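With compact mmCIF, C-alpha atoms inside, this is entry_26.txt:
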```txt
# COMPACT_ATOMS: atom_id res chain seq x y z
CA MET A 1 24.23 -13.84 -0.32
CA HIS A 2 24.11 -14.73 -4.04
CA VAL A 3 20.66 -16.16 -4.80
CA ILE A 4 19.22 -17.66 -7.99
CA GLY A 5 15.46 -17.28 -8.47
CA LEU A 6 13.54 -19.54 -10.87
CA MET A 7 9.98 -18.96 -12.01
CA SER A 8 7.51 -20.29 -14.57
CA GLY A 9 4.17 -18.53 -14.52
CA THR A 10 0.62 -19.22 -15.60
CA SER A 11 1.54 -18.63 -19.25
CA TYR A 12 4.12 -21.46 -18.96
CA ASP A 13 6.05 -20.12 -21.94
CA ALA A 14 9.50 -20.07 -20.36
CA ILE A 15 11.54 -20.56 -17.22
CA GLU A 16 12.61 -17.15 -15.96
CA ALA A 17 15.95 -17.23 -14.15
CA ALA A 18 17.45 -14.30 -12.29
CA ALA A 19 20.41 -13.80 -9.98
CA ALA A 20 20.79 -11.21 -7.25
CA ASP A 21 23.06 -10.33 -4.40
CA LEU A 22 20.93 -9.82 -1.28
CA VAL A 23 22.08 -8.22 1.97
CA LEU A 24 20.20 -7.27 5.12
CA ASP A 25 21.26 -3.87 6.41
CA GLY A 26 19.20 -3.16 9.51
CA GLU A 27 15.64 -2.53 8.34
CA GLU A 28 16.72 -2.31 4.72
CA LEU A 29 17.03 -5.18 2.28
CA VAL A 30 19.55 -4.29 -0.41
CA MET A 31 19.21 -6.09 -3.75
CA THR A 32 21.79 -5.94 -6.50
CA PRO A 33 20.39 -7.60 -9.65
CA LEU A 34 23.08 -9.60 -11.42
CA GLY A 35 21.20 -10.48 -14.59
CA ALA A 36 18.37 -12.59 -15.93
CA ARG A 37 17.63 -15.14 -18.62
CA SER A 38 14.39 -16.34 -20.20
CA LEU A 39 14.65 -19.99 -21.21
CA PRO A 40 11.68 -21.05 -23.36
CA TRP A 41 10.05 -24.41 -22.80
CA SER A 42 10.33 -26.87 -25.66
CA GLU A 43 7.11 -27.17 -27.63
CA GLU A 44 6.82 -30.79 -26.54
CA LEU A 45 7.19 -30.07 -22.81
CA ARG A 46 4.98 -27.00 -23.05
CA GLY A 47 2.33 -29.21 -24.58
CA ALA A 48 2.74 -31.74 -21.78
CA ILE A 49 2.17 -29.00 -19.18
CA GLY A 50 -0.94 -27.81 -20.97
CA ALA A 51 -2.25 -31.37 -21.16
CA VAL A 52 -2.52 -31.69 -17.35
CA LEU A 53 -4.07 -28.30 -16.63
CA PRO A 54 -7.77 -28.04 -15.78
CA PRO A 55 -10.21 -28.91 -17.21
CA ALA A 56 -8.12 -31.79 -18.59
CA ALA A 57 -8.13 -35.12 -16.78
CA THR A 58 -4.75 -36.60 -15.92
CA THR A 59 -3.11 -39.50 -14.09
CA THR A 60 -0.61 -39.85 -11.28
CA GLU A 61 1.78 -41.33 -13.83
CA ALA A 62 1.56 -38.23 -16.02
CA LEU A 63 2.09 -35.95 -13.02
CA CYS A 64 5.05 -38.03 -11.82
CA ARG A 65 6.71 -37.87 -15.22
CA LEU A 66 6.06 -34.15 -15.52
CA ASP A 67 7.29 -33.46 -11.98
CA THR A 68 10.59 -35.08 -12.93
CA ARG A 69 10.93 -33.45 -16.34
CA ILE A 70 10.12 -29.98 -15.03
CA GLY A 71 12.55 -30.52 -12.15
CA GLN A 72 15.25 -31.47 -14.65
CA ALA A 73 14.48 -28.41 -16.79
CA PHE A 74 14.66 -26.16 -13.73
CA ALA A 75 17.95 -27.84 -12.79
CA ASP A 76 19.39 -27.03 -16.22
CA ALA A 77 18.18 -23.44 -15.85
CA ALA A 78 19.80 -23.20 -12.42
CA VAL A 79 23.13 -24.50 -13.69
CA ARG A 80 23.08 -21.94 -16.50
CA ALA A 81 22.11 -19.14 -14.12
CA VAL A 82 24.96 -19.98 -11.74
CA GLU A 83 27.50 -20.00 -14.57
CA GLU A 84 26.18 -17.15 -16.70
CA LEU A 85 24.71 -14.81 -14.08
CA GLY A 86 26.48 -15.71 -10.85
CA GLY A 87 30.01 -15.90 -12.18
CA GLY A 88 30.15 -19.60 -11.37
CA THR A 89 29.10 -19.25 -7.73
CA ALA A 90 25.87 -18.99 -5.76
CA ASP A 91 24.69 -19.70 -2.23
CA LEU A 92 21.05 -20.63 -2.76
CA VAL A 93 18.51 -21.53 -5.43
CA VAL A 94 14.83 -20.66 -5.02
CA SER A 95 12.40 -22.46 -7.29
CA HIS A 96 8.75 -21.58 -7.71
CA GLY A 97 8.15 -24.61 -9.93
CA GLN A 98 5.16 -24.82 -12.25
CA THR A 99 1.66 -24.36 -10.89
CA VAL A 100 -0.67 -27.06 -12.18
CA HIS A 101 -3.60 -26.45 -9.83
CA HIS A 102 -4.79 -23.79 -7.39
CA TRP A 103 -7.76 -25.22 -5.48
CA ALA A 104 -10.07 -22.28 -4.82
CA GLU A 105 -13.79 -22.51 -3.99
CA ASP A 106 -16.12 -19.68 -2.99
CA GLY A 107 -13.24 -17.30 -2.42
CA GLN A 108 -11.24 -19.66 -0.21
CA VAL A 109 -8.08 -21.48 -1.26
CA HIS A 110 -7.83 -25.03 0.07
CA GLY A 111 -4.64 -26.15 -1.62
CA THR A 112 -2.10 -25.39 -4.30
CA LEU A 113 0.23 -27.58 -6.33
CA GLN A 114 3.50 -26.54 -7.92
CA ILE A 115 5.56 -29.31 -9.50
CA GLY A 116 9.21 -29.54 -10.57
CA GLN A 117 11.03 -31.82 -8.13
CA PRO A 118 13.70 -29.67 -6.36
CA ALA A 119 15.98 -32.66 -5.75
CA TRP A 120 17.09 -32.42 -9.39
CA ILE A 121 18.16 -28.81 -8.84
CA ALA A 122 20.05 -29.65 -5.65
CA GLU A 123 21.76 -32.60 -7.33
CA ALA A 124 22.77 -30.59 -10.41
CA THR A 125 24.04 -27.50 -8.59
CA GLY A 126 25.11 -28.85 -5.21
CA LEU A 127 23.24 -25.92 -3.68
CA PRO A 128 20.39 -25.87 -1.17
CA VAL A 129 17.00 -25.21 -2.76
CA VAL A 130 13.95 -23.48 -1.31
CA SER A 131 10.73 -24.60 -3.00
CA ASP A 132 6.97 -25.07 -2.42
CA LEU A 133 6.62 -21.46 -1.31
CA ARG A 134 2.85 -21.10 -1.52
CA SER A 135 1.58 -23.98 0.63
CA ARG A 136 2.47 -22.55 4.03
CA ASP A 137 0.49 -19.37 3.40
CA VAL A 138 -2.51 -21.49 2.35
CA ALA A 139 -2.15 -23.55 5.54
CA ALA A 140 -2.22 -20.27 7.50
CA GLY A 141 -5.54 -19.38 5.91
CA GLY A 142 -4.17 -17.32 3.05
CA GLN A 143 -4.72 -17.36 -0.68
CA GLY A 144 -1.12 -18.42 -1.37
CA ALA A 145 -0.95 -15.44 -3.71
CA PRO A 146 0.13 -12.90 -4.69
CA LEU A 147 3.38 -13.82 -2.91
CA VAL A 148 5.30 -11.06 -4.68
CA SER A 149 3.30 -8.60 -2.56
CA ILE A 150 6.02 -8.53 0.10
CA VAL A 151 8.55 -7.33 -2.49
CA ASP A 152 6.04 -4.77 -3.76
CA THR A 153 5.34 -3.40 -0.29
CA LEU A 154 9.05 -3.14 0.51
CA LEU A 155 9.80 -1.48 -2.84
CA LEU A 156 6.93 1.02 -2.75
CA HIS A 157 7.32 1.87 0.94
CA GLY A 158 7.28 5.63 1.48
CA ARG A 159 6.41 6.66 -2.08
CA PRO A 160 4.07 9.65 -2.37
CA GLY A 161 0.37 9.19 -3.03
CA VAL A 162 -1.20 5.75 -3.36
CA SER A 163 1.32 3.61 -5.19
CA ALA A 164 0.51 0.18 -6.61
CA ALA A 165 2.49 -2.56 -8.31
CA LEU A 166 0.93 -4.37 -11.25
CA ASN A 167 2.17 -7.67 -12.60
CA LEU A 168 0.89 -8.72 -16.02
CA GLY A 169 1.52 -12.43 -16.42
CA GLY A 170 -1.10 -14.96 -17.44
CA ILE A 171 -3.10 -13.50 -14.55
CA ALA A 172 -2.88 -9.85 -13.48
CA ASN A 173 -2.31 -8.95 -9.86
CA VAL A 174 -1.91 -5.68 -8.01
CA THR A 175 -0.41 -4.68 -4.69
CA VAL A 176 -1.70 -1.37 -3.36
CA VAL A 177 0.44 0.41 -0.76
CA PRO A 178 -1.50 3.32 0.75
CA PRO A 179 0.35 5.79 2.97
CA GLY A 180 -0.28 4.99 6.62
CA GLY A 181 -2.50 1.99 5.90
CA ASP A 182 -2.20 -1.75 5.43
CA PRO A 183 -1.30 -2.86 1.91
CA VAL A 184 -3.71 -5.02 -0.05
CA ALA A 185 -2.97 -7.38 -2.92
CA PHE A 186 -5.09 -9.59 -5.15
CA ASP A 187 -5.51 -11.02 -8.62
CA THR A 188 -7.58 -8.62 -10.72
CA GLY A 189 -8.37 -11.24 -13.38
CA PRO A 190 -6.75 -12.29 -16.66
CA ALA A 191 -3.77 -10.44 -18.10
CA ASN A 192 -2.49 -12.56 -20.98
CA ALA A 193 -4.29 -15.83 -20.18
CA LEU A 194 -7.40 -15.30 -22.30
CA VAL A 195 -5.56 -13.47 -25.09
CA ASP A 196 -3.03 -16.29 -25.35
CA ALA A 197 -5.73 -18.97 -25.29
CA ALA A 198 -7.70 -17.20 -28.03
CA VAL A 199 -4.61 -16.71 -30.23
CA GLN A 200 -3.79 -20.42 -30.00
CA HIS A 201 -7.41 -21.32 -30.76
CA PHE A 202 -7.80 -19.02 -33.78
CA SER A 203 -4.38 -19.91 -35.21
CA GLY A 204 -4.85 -23.65 -34.76
CA GLY A 205 -1.85 -23.74 -32.45
CA ALA A 206 0.49 -21.97 -34.91
CA ARG A 207 0.85 -18.96 -32.59
CA HIS A 208 0.89 -18.76 -28.79
CA PHE A 209 0.47 -15.03 -28.12
CA ASP A 210 -0.43 -11.73 -29.78
CA GLU A 211 3.03 -10.43 -30.57
CA ASP A 212 3.24 -6.69 -29.85
CA GLY A 213 -0.55 -6.65 -29.67
CA ARG A 214 -0.75 -6.52 -33.47
CA ALA A 215 -3.99 -8.49 -33.81
CA ALA A 216 -5.67 -6.46 -31.06
CA ALA A 217 -4.50 -3.27 -32.77
CA ARG A 218 -6.22 -4.37 -36.01
CA GLY A 219 -9.45 -5.24 -34.24
CA ARG A 220 -12.24 -3.23 -32.64
CA VAL A 221 -13.60 -3.75 -29.15
CA HIS A 222 -17.01 -5.43 -29.21
CA GLN A 223 -18.96 -3.85 -26.37
CA GLY A 224 -21.51 -6.65 -26.12
CA LEU A 225 -18.81 -9.30 -25.72
CA LEU A 226 -16.94 -7.10 -23.24
CA ASP A 227 -20.08 -6.65 -21.14
CA ARG A 228 -20.68 -10.39 -21.17
CA LEU A 229 -17.12 -11.09 -19.99
CA LEU A 230 -17.32 -8.41 -17.30
CA ALA A 231 -20.37 -10.17 -15.82
CA GLU A 232 -18.01 -12.83 -14.39
CA PRO A 233 -18.71 -12.87 -10.59
CA TYR A 234 -15.02 -13.05 -9.69
CA TYR A 235 -14.55 -9.36 -10.42
CA ALA A 236 -17.09 -8.35 -7.76
CA ARG A 237 -15.56 -10.43 -4.98
CA PRO A 238 -13.76 -8.51 -2.24
CA ALA A 239 -10.00 -8.72 -1.77
CA PRO A 240 -7.95 -10.66 -0.91
CA LYS A 241 -8.73 -13.06 -3.70
CA THR A 242 -6.86 -15.19 -6.19
CA THR A 243 -7.66 -16.90 -9.45
CA GLY A 244 -5.99 -18.73 -12.31
CA LYS A 245 -6.49 -20.75 -15.44
CA GLU A 246 -8.93 -22.94 -13.56
CA LEU A 247 -11.36 -20.10 -14.37
CA PHE A 248 -9.79 -17.98 -17.08
CA ARG A 249 -9.18 -20.47 -19.87
CA LEU A 250 -10.35 -20.97 -23.46
CA ASP A 251 -13.82 -22.25 -22.62
CA HIS A 252 -14.42 -19.02 -20.68
CA VAL A 253 -14.05 -17.18 -24.01
CA LEU A 254 -15.95 -19.74 -26.07
CA ASP A 255 -18.89 -19.72 -23.65
CA ALA A 256 -19.13 -15.93 -24.00
CA LEU A 257 -18.85 -16.14 -27.80
CA ALA A 258 -21.69 -18.68 -27.86
CA VAL A 259 -23.95 -16.00 -26.37
CA VAL A 260 -22.42 -12.98 -28.15
CA PRO A 261 -20.96 -14.16 -31.48
CA VAL A 262 -18.10 -12.05 -32.82
CA PRO A 263 -16.95 -13.28 -36.24
CA ASP A 264 -13.63 -11.42 -36.54
CA PRO A 265 -10.85 -12.96 -34.39
CA ASP A 266 -9.04 -9.62 -34.26
CA ASP A 267 -12.14 -8.04 -32.69
CA VAL A 268 -12.17 -10.82 -30.08
CA LEU A 269 -8.51 -10.20 -29.25
CA ALA A 270 -9.07 -6.44 -29.03
CA THR A 271 -11.96 -7.09 -26.65
CA LEU A 272 -9.97 -9.50 -24.48
CA THR A 273 -7.11 -7.00 -24.28
CA ARG A 274 -9.55 -4.28 -23.26
CA LEU A 275 -10.98 -6.67 -20.64
CA THR A 276 -7.57 -6.82 -18.98
CA ALA A 277 -7.30 -3.02 -19.03
CA VAL A 278 -10.80 -2.46 -17.63
CA THR A 279 -10.47 -4.96 -14.79
CA VAL A 280 -7.02 -3.67 -13.82
CA ALA A 281 -8.31 -0.09 -13.89
CA ASP A 282 -11.44 -0.94 -11.87
CA ALA A 283 -9.25 -2.49 -9.18
CA CYS A 284 -6.95 0.54 -9.08
CA ARG A 285 -9.81 3.07 -8.95
CA ALA A 286 -11.37 1.23 -6.03
CA TYR A 287 -8.27 2.06 -3.96
CA GLY A 288 -7.54 5.54 -5.29
CA VAL A 289 -4.28 4.54 -6.94
CA THR A 290 -2.21 7.51 -8.18
CA GLU A 291 0.87 5.62 -9.43
CA LEU A 292 1.01 2.21 -11.10
CA VAL A 293 4.36 0.42 -11.38
CA ALA A 294 4.04 -2.30 -14.00
CA SER A 295 6.01 -5.47 -14.69
CA GLY A 296 5.60 -8.86 -16.35
CA GLY A 297 5.21 -10.08 -19.90
CA GLY A 298 2.18 -7.89 -20.56
CA THR A 299 4.34 -4.78 -20.39
CA ARG A 300 5.81 -5.88 -23.74
CA ASN A 301 2.34 -5.58 -25.32
CA PRO A 302 2.05 -1.89 -26.26
CA VAL A 303 -1.66 -2.17 -27.00
CA MET A 304 -2.40 -3.60 -23.55
CA MET A 305 -0.31 -0.90 -21.89
CA ARG A 306 -1.96 1.84 -23.95
CA MET A 307 -5.42 0.56 -23.02
CA ILE A 308 -4.53 0.48 -19.32
CA GLY A 309 -3.36 4.10 -19.61
CA GLU A 310 -6.61 5.05 -21.36
CA GLU A 311 -8.64 3.47 -18.57
CA LEU A 312 -6.62 5.30 -15.89
CA PRO A 313 -6.33 8.93 -16.98
CA GLY A 314 -4.37 10.95 -14.46
CA VAL A 315 -2.59 7.90 -13.05
CA ARG A 316 1.16 7.69 -13.61
CA VAL A 317 1.87 4.31 -15.25
CA VAL A 318 5.57 3.38 -15.33
CA PRO A 319 7.58 0.17 -15.74
CA SER A 320 9.26 -1.18 -12.61
CA ASP A 321 12.59 -0.62 -14.39
CA ARG A 322 12.20 3.06 -13.46
CA LEU A 323 12.57 2.00 -9.84
CA GLY A 324 15.56 -0.22 -10.63
CA LEU A 325 13.68 -3.52 -10.69
CA PRO A 326 13.88 -5.16 -14.16
CA SER A 327 10.26 -5.69 -15.20
CA ALA A 328 10.96 -8.85 -17.21
CA ALA A 329 12.75 -10.48 -14.26
CA LYS A 330 10.65 -9.16 -11.40
CA GLU A 331 8.93 -12.40 -10.41
CA ALA A 332 12.13 -14.46 -10.54
CA LEU A 333 13.87 -11.81 -8.43
CA ALA A 334 10.89 -11.72 -6.06
CA PHE A 335 11.14 -15.46 -5.44
CA ALA A 336 14.87 -15.04 -4.82
CA VAL A 337 13.88 -12.59 -2.07
CA LEU A 338 11.31 -15.02 -0.63
CA GLY A 339 13.89 -17.80 -0.36
CA PHE A 340 16.45 -15.43 1.13
CA LEU A 341 13.96 -14.47 3.84
CA THR A 342 13.16 -18.15 4.47
CA VAL A 343 16.76 -19.18 5.15
CA HIS A 344 17.11 -16.19 7.49
CA GLY A 345 14.05 -17.35 9.47
CA LEU A 346 11.92 -14.40 8.39
CA PRO A 347 8.27 -14.46 7.32
CA ALA A 348 7.75 -13.63 3.66
CA THR A 349 4.04 -12.88 3.47
CA VAL A 350 1.90 -9.85 4.20
CA PRO A 351 -1.32 -11.10 5.86
CA SER A 352 -3.38 -8.12 4.66
CA CYS A 353 -2.37 -9.07 1.11
CA THR A 354 -2.87 -12.84 1.14
CA GLY A 355 -5.59 -13.04 3.80
CA ALA A 356 -3.58 -15.32 6.06
CA ARG A 357 -4.07 -15.35 9.82
CA ARG A 358 -0.41 -14.52 10.32
CA ALA A 359 2.81 -13.98 8.43
CA ALA A 360 4.67 -17.25 7.92
CA VAL A 361 8.14 -18.45 7.03
CA LEU A 362 7.63 -20.04 3.63
CA GLY A 363 8.78 -23.10 1.75
CA SER A 364 10.66 -26.33 2.13
CA ILE A 365 14.45 -26.63 1.99
CA THR A 366 16.27 -29.37 0.07
CA PRO A 367 19.93 -29.65 1.16
CA GLY A 368 22.70 -29.35 -1.41
CA ALA A 369 25.87 -31.44 -1.71
CA GLY A 370 27.16 -30.60 1.75
CA PRO A 371 25.69 -30.27 5.23
CA LEU A 372 22.85 -27.79 5.40
CA ARG A 373 24.12 -24.64 7.13
CA LEU A 374 21.64 -21.81 7.41
CA PRO A 375 22.52 -18.22 8.34
CA GLU A 376 21.85 -17.01 11.85
CA PRO A 377 18.19 -16.00 12.12
CA ALA A 378 17.83 -12.29 11.42
CA ALA A 379 16.79 -10.18 14.38
CA VAL A 380 14.88 -7.57 12.36
CA ALA A 381 12.61 -8.04 9.35
CA PRO A 382 13.23 -5.55 6.53
CA ALA A 383 10.88 -2.60 6.20
CA ARG A 384 12.00 -1.43 2.75
CA LEU A 385 13.84 -2.62 -0.34
CA ARG A 386 16.63 -0.71 -1.97
CA ILE A 387 17.76 -1.65 -5.47
CA ALA A 388 21.48 -1.12 -5.99
CA SER A 389 22.89 -0.82 -9.49
CA GLY A 390 23.89 -4.15 -10.99
CA GLN A 391 24.19 -5.95 -14.30
CA GLY A 392 20.46 -6.63 -14.70
```

Written form, structure tokens:
Amino acid sequence: MHVIGLMSGTSYDAIEAAAADLVLDGEELVMTPLGARSLPWSEELRGAIGAVLPPAATTTEALCRLDTRIGQAFADAAVRAVEELGGGTADLVVSHGQTVHHWAEDGQVHGTLQIGQPAWIAEATGLPVVSDLRSRDVAAGGQGAPLVSIVDTLLLHGRPGVSAALNLGGIANVTVVPPGGDPVAFDTGPANALVDAAVQHFSGGARHFDEDGRAAARGRVHQGLLDRLLAEPYYARPAPKTTGKELFRLDHVLDALAVVPVPDPDDVLATLTRLTAVTVADACRAYGVTELVASGGGTRNPVMMRMIGEELPGVRVVPSDRLGLPSAAKEALAFAVLGFLTVHGLPATVPSCTGARRAAVLGSITPGAGPLRLPEPAAVAPARLRIASGQG
């Protein structure tokens, strides 16, 4: 089955589109990546997304307009992906949409909202669309995240030692796969979220991220500010747990700076980058991780990756590309897998990772141009993922 995966993460800088051929072969899921594209949001639409995110107030009218406009943008991305990555054909589109709120209180998630109306994608492509993939896990008592943990557990199955997958988006999350034990997954804290927010603040909106970690490389870590940031109670909560920009946003940094002033912006960025490294490393040490397979936008920040390596001496840190999974496209490919499992009637969550009472079949399906015809339900859920060589 040729599947298009669409994703926009907590950094909301681009729509990530990826295509893959997916086949069930007994207990093995075989993925052949067919390519990926990163399609940046327009500055105007990116600003509109930021304007509705907490702590901002918004209206149902603003959300309605944004739901439509994001759906249309995802539809355009899907059309391009079908033509440019799928050779003009595909069987299914899977859309994560754009998260605008993740309702978490005292360690429990009560609801989650991803917008980007899938009807626009179905209308533009004529293909069925799987969307709203997080809500069912939340309804089953889970955190609704990290949903990529099922792909991580399948990919890392059987590797020696204690292997873990790390995704560095706006928020960092890890999936730890111990030999002979249940996997565990959770958000460790910010990856790029605070760095990006601080860059935009200090540059007056002229820049959105610390390109190649250059500002952090010029700065020096301020231990007092780092200690203040590390006092955030979220880090001490037990897994499974999830977080987002509801917590890790600009005022989180400004509140800390009000107590521990740091005059040089480069020193602030160096400290925020080290915060990501320390919190990722603390999470990995707690589970005895011996190998860390990294993906996401943060892998393109050499300073962040160097700091993570410094905090984890003796741990092998490698990009997921080494295992055949393109690091820049991992989340889009992961959501392609989730939708593929959905249409085959298979659960796509790992309860020990999300905290749900049970594994659930995820998402809602919007029919395409023709009658909705789903594959026969699969008799056996996959136990491992094999990446075949492809174009991506």

- Query: Do you have the CA of Ala277 (chain A)-CA of Thr153 (chain A) distance handy?
  - Reply: 22.6 Å

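Between Thr125 (chain A) and the residues A:Val289, A:Ala20, A:Ala369, A:Ala51, the shortest atom-to-atom distance, using all atoms listed in the file, involves A:Ala369.
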
- Task: Quick one: everything within 10 Å of Gly244 (chain A), counting only C-alpha atoms, minus sequence neighbours fewer than 6 positions away in the same chain. Send it as JSON, numbers by chain.
- Result: {"A": [10, 99, 100, 101, 102, 103, 104, 170, 171, 172, 187, 189, 190, 193]}

- Task: State, in Å with one decimal place, the distance from CA of Glu105 (chain A) to CA of Pro238 (chain A).
- Result: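 Here the two named atoms are 14.1 Å from each other.
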
- Message: Using only C-alpha atoms, can you tell me which of A:Gly144, A:Gly204, A:Gly219, A:Pro377 comes closest to Phe186 (chain A)?
- Response: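 Of A:Gly144, A:Gly204, A:Gly219, A:Pro377, the one nearest Phe186 (chain A) is A:Gly144, counting only C-alpha atoms.
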
Filled-in N, CA and C atoms of region 114-140 of chain A, supplied as a PDB file, in the frame of the given file:
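File written: out_14.pdb
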```pdb
ATOM      1  N   GLN A 114       2.438 -26.898  -6.989  1.00  0.00           N
ATOM      2  CA  GLN A 114       3.500 -26.540  -7.920  1.00  0.00           C
ATOM      3  C   GLN A 114       4.420 -27.751  -8.060  1.00  0.00           C
ATOM      4  N   ILE A 115       4.705 -28.158  -9.294  1.00  0.00           N
ATOM      5  CA  ILE A 115       5.560 -29.310  -9.500  1.00  0.00           C
ATOM      6  C   ILE A 115       6.877 -28.890 -10.154  1.00  0.00           C
ATOM      7  N   GLY A 116       7.844 -29.806 -10.123  1.00  0.00           N
ATOM      8  CA  GLY A 116       9.210 -29.540 -10.570  1.00  0.00           C
ATOM      9  C   GLY A 116      10.128 -29.947  -9.429  1.00  0.00           C
ATOM     10  N   GLN A 117      10.360 -31.233  -9.289  1.00  0.00           N
ATOM     11  CA  GLN A 117      11.030 -31.820  -8.130  1.00  0.00           C
ATOM     12  C   GLN A 117      12.372 -31.099  -7.838  1.00  0.00           C
ATOM     13  N   PRO A 118      12.486 -30.440  -6.671  1.00  0.00           N
ATOM     14  CA  PRO A 118      13.700 -29.670  -6.360  1.00  0.00           C
ATOM     15  C   PRO A 118      14.949 -30.506  -6.169  1.00  0.00           C
ATOM     16  N   ALA A 119      14.796 -31.816  -5.917  1.00  0.00           N
ATOM     17  CA  ALA A 119      15.980 -32.660  -5.750  1.00  0.00           C
ATOM     18  C   ALA A 119      16.873 -32.627  -6.982  1.00  0.00           C
ATOM     19  N   TRP A 120      16.284 -32.491  -8.166  1.00  0.00           N
ATOM     20  CA  TRP A 120      17.090 -32.420  -9.390  1.00  0.00           C
ATOM     21  C   TRP A 120      17.953 -31.155  -9.400  1.00  0.00           C
ATOM     22  N   ILE A 121      17.401 -30.064  -8.883  1.00  0.00           N
ATOM     23  CA  ILE A 121      18.160 -28.810  -8.840  1.00  0.00           C
ATOM     24  C   ILE A 121      19.310 -28.929  -7.844  1.00  0.00           C
ATOM     25  N   ALA A 122      19.014 -29.480  -6.672  1.00  0.00           N
ATOM     26  CA  ALA A 122      20.050 -29.650  -5.650  1.00  0.00           C
ATOM     27  C   ALA A 122      21.159 -30.574  -6.147  1.00  0.00           C
ATOM     28  N   GLU A 123      20.772 -31.635  -6.847  1.00  0.00           N
ATOM     29  CA  GLU A 123      21.760 -32.600  -7.330  1.00  0.00           C
ATOM     30  C   GLU A 123      22.642 -31.972  -8.426  1.00  0.00           C
ATOM     31  N   ALA A 124      22.027 -31.170  -9.301  1.00  0.00           N
ATOM     32  CA  ALA A 124      22.770 -30.590 -10.410  1.00  0.00           C
ATOM     33  C   ALA A 124      23.687 -29.456  -9.991  1.00  0.00           C
ATOM     34  N   THR A 125      23.267 -28.688  -8.992  1.00  0.00           N
ATOM     35  CA  THR A 125      24.040 -27.500  -8.590  1.00  0.00           C
ATOM     36  C   THR A 125      24.861 -27.709  -7.334  1.00  0.00           C
ATOM     37  N   GLY A 126      24.474 -28.690  -6.513  1.00  0.00           N
ATOM     38  CA  GLY A 126      25.110 -28.850  -5.210  1.00  0.00           C
ATOM     39  C   GLY A 126      24.691 -27.812  -4.204  1.00  0.00           C
ATOM     40  N   LEU A 127      23.680 -27.020  -4.544  1.00  0.00           N
ATOM     41  CA  LEU A 127      23.240 -25.920  -3.680  1.00  0.00           C
ATOM     42  C   LEU A 127      21.927 -26.269  -2.983  1.00  0.00           C
ATOM     43  N   PRO A 128      21.701 -25.697  -1.797  1.00  0.00           N
ATOM     44  CA  PRO A 128      20.390 -25.870  -1.170  1.00  0.00           C
ATOM     45  C   PRO A 128      19.318 -25.169  -1.995  1.00  0.00           C
ATOM     46  N   VAL A 129      18.111 -25.725  -1.950  1.00  0.00           N
ATOM     47  CA  VAL A 129      17.000 -25.210  -2.760  1.00  0.00           C
ATOM     48  C   VAL A 129      15.796 -24.956  -1.858  1.00  0.00           C
ATOM     49  N   VAL A 130      15.225 -23.781  -1.963  1.00  0.00           N
ATOM     50  CA  VAL A 130      13.950 -23.480  -1.310  1.00  0.00           C
ATOM     51  C   VAL A 130      12.859 -23.614  -2.367  1.00  0.00           C
ATOM     52  N   SER A 131      11.818 -24.367  -2.044  1.00  0.00           N
ATOM     53  CA  SER A 131      10.730 -24.600  -3.000  1.00  0.00           C
ATOM     54  C   SER A 131       9.399 -24.674  -2.247  1.00  0.00           C
ATOM     55  N   ASP A 132       8.318 -24.940  -2.985  1.00  0.00           N
ATOM     56  CA  ASP A 132       6.970 -25.070  -2.420  1.00  0.00           C
ATOM     57  C   ASP A 132       6.646 -23.874  -1.519  1.00  0.00           C
ATOM     58  N   LEU A 133       6.729 -22.683  -2.111  1.00  0.00           N
ATOM     59  CA  LEU A 133       6.620 -21.460  -1.310  1.00  0.00           C
ATOM     60  C   LEU A 133       5.187 -21.039  -1.017  1.00  0.00           C
ATOM     61  N   ARG A 134       4.219 -21.579  -1.717  1.00  0.00           N
ATOM     62  CA  ARG A 134       2.850 -21.100  -1.520  1.00  0.00           C
ATOM     63  C   ARG A 134       2.080 -21.857  -0.431  1.00  0.00           C
ATOM     64  N   SER A 135       2.424 -23.118  -0.208  1.00  0.00           N
ATOM     65  CA  SER A 135       1.580 -23.980   0.630  1.00  0.00           C
ATOM     66  C   SER A 135       1.462 -23.490   2.068  1.00  0.00           C
ATOM     67  N   ARG A 136       2.537 -22.945   2.628  1.00  0.00           N
ATOM     68  CA  ARG A 136       2.470 -22.550   4.030  1.00  0.00           C
ATOM     69  C   ARG A 136       1.498 -21.397   4.243  1.00  0.00           C
ATOM     70  N   ASP A 137       1.445 -20.466   3.278  1.00  0.00           N
ATOM     71  CA  ASP A 137       0.490 -19.370   3.400  1.00  0.00           C
ATOM     72  C   ASP A 137      -0.932 -19.896   3.318  1.00  0.00           C
ATOM     73  N   VAL A 138      -1.178 -20.879   2.446  1.00  0.00           N
ATOM     74  CA  VAL A 138      -2.510 -21.490   2.350  1.00  0.00           C
ATOM     75  C   VAL A 138      -2.863 -22.167   3.672  1.00  0.00           C
ATOM     76  N   ALA A 139      -1.901 -22.879   4.267  1.00  0.00           N
ATOM     77  CA  ALA A 139      -2.150 -23.550   5.540  1.00  0.00           C
ATOM     78  C   ALA A 139      -2.468 -22.556   6.656  1.00  0.00           C
ATOM     79  N   ALA A 140      -1.947 -21.323   6.516  1.00  0.00           N
ATOM     80  CA  ALA A 140      -2.220 -20.270   7.500  1.00  0.00           C
ATOM     81  C   ALA A 140      -3.474 -19.482   7.173  1.00  0.00           C
TER      82      ALA A 140
END
```
